[in-house]
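Visitor: Got a structure for you, questions after.
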Amino acid sequence: MTVFRHPADRVPAVMFCCLTVVDFAVYFSVSNIGVFVAYWLLMMLPKGIISAWNHHHQHTRTFHSTA
C-alpha cells in the first residue's frame with residue numbers, strides 16, 4: 001500500500017520535510033545573526049513555492065490514511 005494518493009505528491013512532501021530539517025539545523029547551529037538573516041532571505045522563494053503546493057493540498061487529500 002502506498003502512503004500518497006497521487007505519485008506527484010511525493011516531491012512536495014519530500015521537499016517540505018528536507019527544508020524543515022535544514023531549517024532546524026540552521027536554527028540550532030548558526031550563532032551569527034547575519035548568516036541566519038541571509039538564510040532566511042534565501043529561503044523566501046522556495047518556501048513561497050511550498051506554500052502554493054500546501055494551499056492546493058488543503059483542497060484535496062494527500063495521504064491514504066487519515067492519521
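In the C-alpha cells, chains take letters A, B, ... by order of appearance, with residues numbered from 1 within each chain and ligands from 1 in the order shown.
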How would you write, as an MDAnalysis selection string, the set of residues in chain A that DSSP gives as alpha helix (DSSP H)?
Guide: chainID A and resid 10:29 33:42 44:57
Visitor: Output the selection as a compact mmCIF listing (two decimals), in the first residue's frame - N, CA and C atoms for each residue.
Guide:
```
# COMPACT_ATOMS: atom_id res chain seq x y z
N ARG A 10 4.61 13.13 -3.87
CA ARG A 10 5.85 12.76 -3.20
C ARG A 10 6.87 13.89 -3.22
N VAL A 11 7.03 14.55 -4.35
CA VAL A 11 8.05 15.60 -4.48
C VAL A 11 7.80 16.75 -3.51
N PRO A 12 6.61 17.34 -3.47
CA PRO A 12 6.39 18.42 -2.50
C PRO A 12 6.56 17.97 -1.05
N ALA A 13 6.12 16.77 -0.73
CA ALA A 13 6.23 16.29 0.65
C ALA A 13 7.70 16.09 1.05
N VAL A 14 8.49 15.54 0.15
CA VAL A 14 9.91 15.35 0.44
C VAL A 14 10.62 16.69 0.53
N MET A 15 10.30 17.63 -0.36
CA MET A 15 10.91 18.95 -0.30
C MET A 15 10.57 19.65 1.01
N PHE A 16 9.33 19.56 1.44
CA PHE A 16 8.91 20.17 2.69
C PHE A 16 9.68 19.58 3.87
N CYS A 17 9.79 18.26 3.91
CA CYS A 17 10.50 17.60 5.01
C CYS A 17 11.98 17.96 5.01
N CYS A 18 12.59 17.99 3.83
CA CYS A 18 14.01 18.35 3.75
C CYS A 18 14.26 19.78 4.19
N LEU A 19 13.42 20.70 3.74
CA LEU A 19 13.59 22.09 4.16
C LEU A 19 13.35 22.27 5.65
N THR A 20 12.46 21.50 6.22
CA THR A 20 12.23 21.56 7.66
C THR A 20 13.47 21.11 8.42
N VAL A 21 14.10 20.03 7.96
CA VAL A 21 15.33 19.54 8.60
C VAL A 21 16.43 20.59 8.49
N VAL A 22 16.58 21.19 7.31
CA VAL A 22 17.60 22.22 7.13
C VAL A 22 17.30 23.43 8.01
N ASP A 23 16.05 23.83 8.10
CA ASP A 23 15.67 24.95 8.98
C ASP A 23 16.09 24.69 10.42
N PHE A 24 15.79 23.52 10.93
CA PHE A 24 16.17 23.20 12.31
C PHE A 24 17.68 23.18 12.46
N ALA A 25 18.38 22.61 11.49
CA ALA A 25 19.85 22.56 11.55
C ALA A 25 20.44 23.96 11.58
N VAL A 26 19.95 24.84 10.73
CA VAL A 26 20.46 26.21 10.70
C VAL A 26 20.11 26.91 12.01
N TYR A 27 18.90 26.77 12.47
CA TYR A 27 18.46 27.45 13.68
C TYR A 27 19.31 27.07 14.89
N PHE A 28 19.60 25.77 15.01
CA PHE A 28 20.32 25.31 16.20
C PHE A 28 21.84 25.37 16.06
N SER A 29 22.37 25.58 14.86
CA SER A 29 23.83 25.56 14.71
C SER A 29 24.45 26.91 14.38
N ILE A 33 23.96 36.17 13.62
CA ILE A 33 22.63 36.63 13.20
C ILE A 33 22.64 37.01 11.71
N GLY A 34 23.76 37.48 11.19
CA GLY A 34 23.85 37.83 9.77
C GLY A 34 23.66 36.62 8.87
N VAL A 35 24.27 35.50 9.24
CA VAL A 35 24.11 34.25 8.46
C VAL A 35 22.67 33.78 8.55
N PHE A 36 22.10 33.90 9.72
CA PHE A 36 20.71 33.48 9.91
C PHE A 36 19.76 34.31 9.05
N VAL A 37 19.97 35.62 9.02
CA VAL A 37 19.12 36.50 8.20
C VAL A 37 19.33 36.23 6.71
N ALA A 38 20.58 35.98 6.31
CA ALA A 38 20.86 35.65 4.90
C ALA A 38 20.15 34.36 4.50
N TYR A 39 20.19 33.36 5.38
CA TYR A 39 19.48 32.11 5.11
C TYR A 39 17.98 32.36 5.00
N TRP A 40 17.45 33.16 5.90
CA TRP A 40 16.02 33.47 5.89
C TRP A 40 15.62 34.14 4.57
N LEU A 41 16.42 35.10 4.11
CA LEU A 41 16.13 35.77 2.85
C LEU A 41 16.25 34.82 1.67
N LEU A 42 17.27 33.96 1.69
CA LEU A 42 17.48 33.00 0.61
C LEU A 42 16.33 31.99 0.51
N MET A 44 13.15 32.47 1.19
CA MET A 44 11.82 33.03 0.95
C MET A 44 11.19 32.46 -0.33
N LEU A 45 11.93 32.35 -1.41
CA LEU A 45 11.38 31.85 -2.66
C LEU A 45 10.98 30.36 -2.57
N PRO A 46 11.89 29.47 -2.13
CA PRO A 46 11.47 28.06 -2.04
C PRO A 46 10.28 27.86 -1.10
N LYS A 47 10.25 28.58 0.00
CA LYS A 47 9.13 28.41 0.93
C LYS A 47 7.84 29.00 0.38
N GLY A 48 7.95 30.02 -0.44
CA GLY A 48 6.77 30.55 -1.12
C GLY A 48 6.19 29.54 -2.09
N ILE A 49 7.06 28.81 -2.78
CA ILE A 49 6.60 27.77 -3.71
C ILE A 49 5.93 26.64 -2.93
N ILE A 50 6.54 26.26 -1.82
CA ILE A 50 5.96 25.20 -1.00
C ILE A 50 4.61 25.64 -0.43
N SER A 51 4.47 26.91 -0.14
CA SER A 51 3.18 27.42 0.35
C SER A 51 2.09 27.25 -0.69
N ALA A 52 2.44 27.45 -1.97
CA ALA A 52 1.46 27.25 -3.03
C ALA A 52 1.04 25.78 -3.11
N TRP A 53 2.01 24.86 -3.01
CA TRP A 53 1.67 23.44 -3.01
C TRP A 53 0.80 23.10 -1.80
N ASN A 54 1.15 23.67 -0.64
CA ASN A 54 0.38 23.42 0.57
C ASN A 54 -1.06 23.90 0.41
N HIS A 55 -1.23 25.06 -0.19
CA HIS A 55 -2.58 25.57 -0.40
C HIS A 55 -3.40 24.60 -1.25
N HIS A 56 -2.80 24.07 -2.30
CA HIS A 56 -3.51 23.10 -3.15
C HIS A 56 -3.91 21.87 -2.33
N HIS A 57 -3.03 21.41 -1.48
CA HIS A 57 -3.30 20.19 -0.73
C HIS A 57 -4.29 20.40 0.41
```
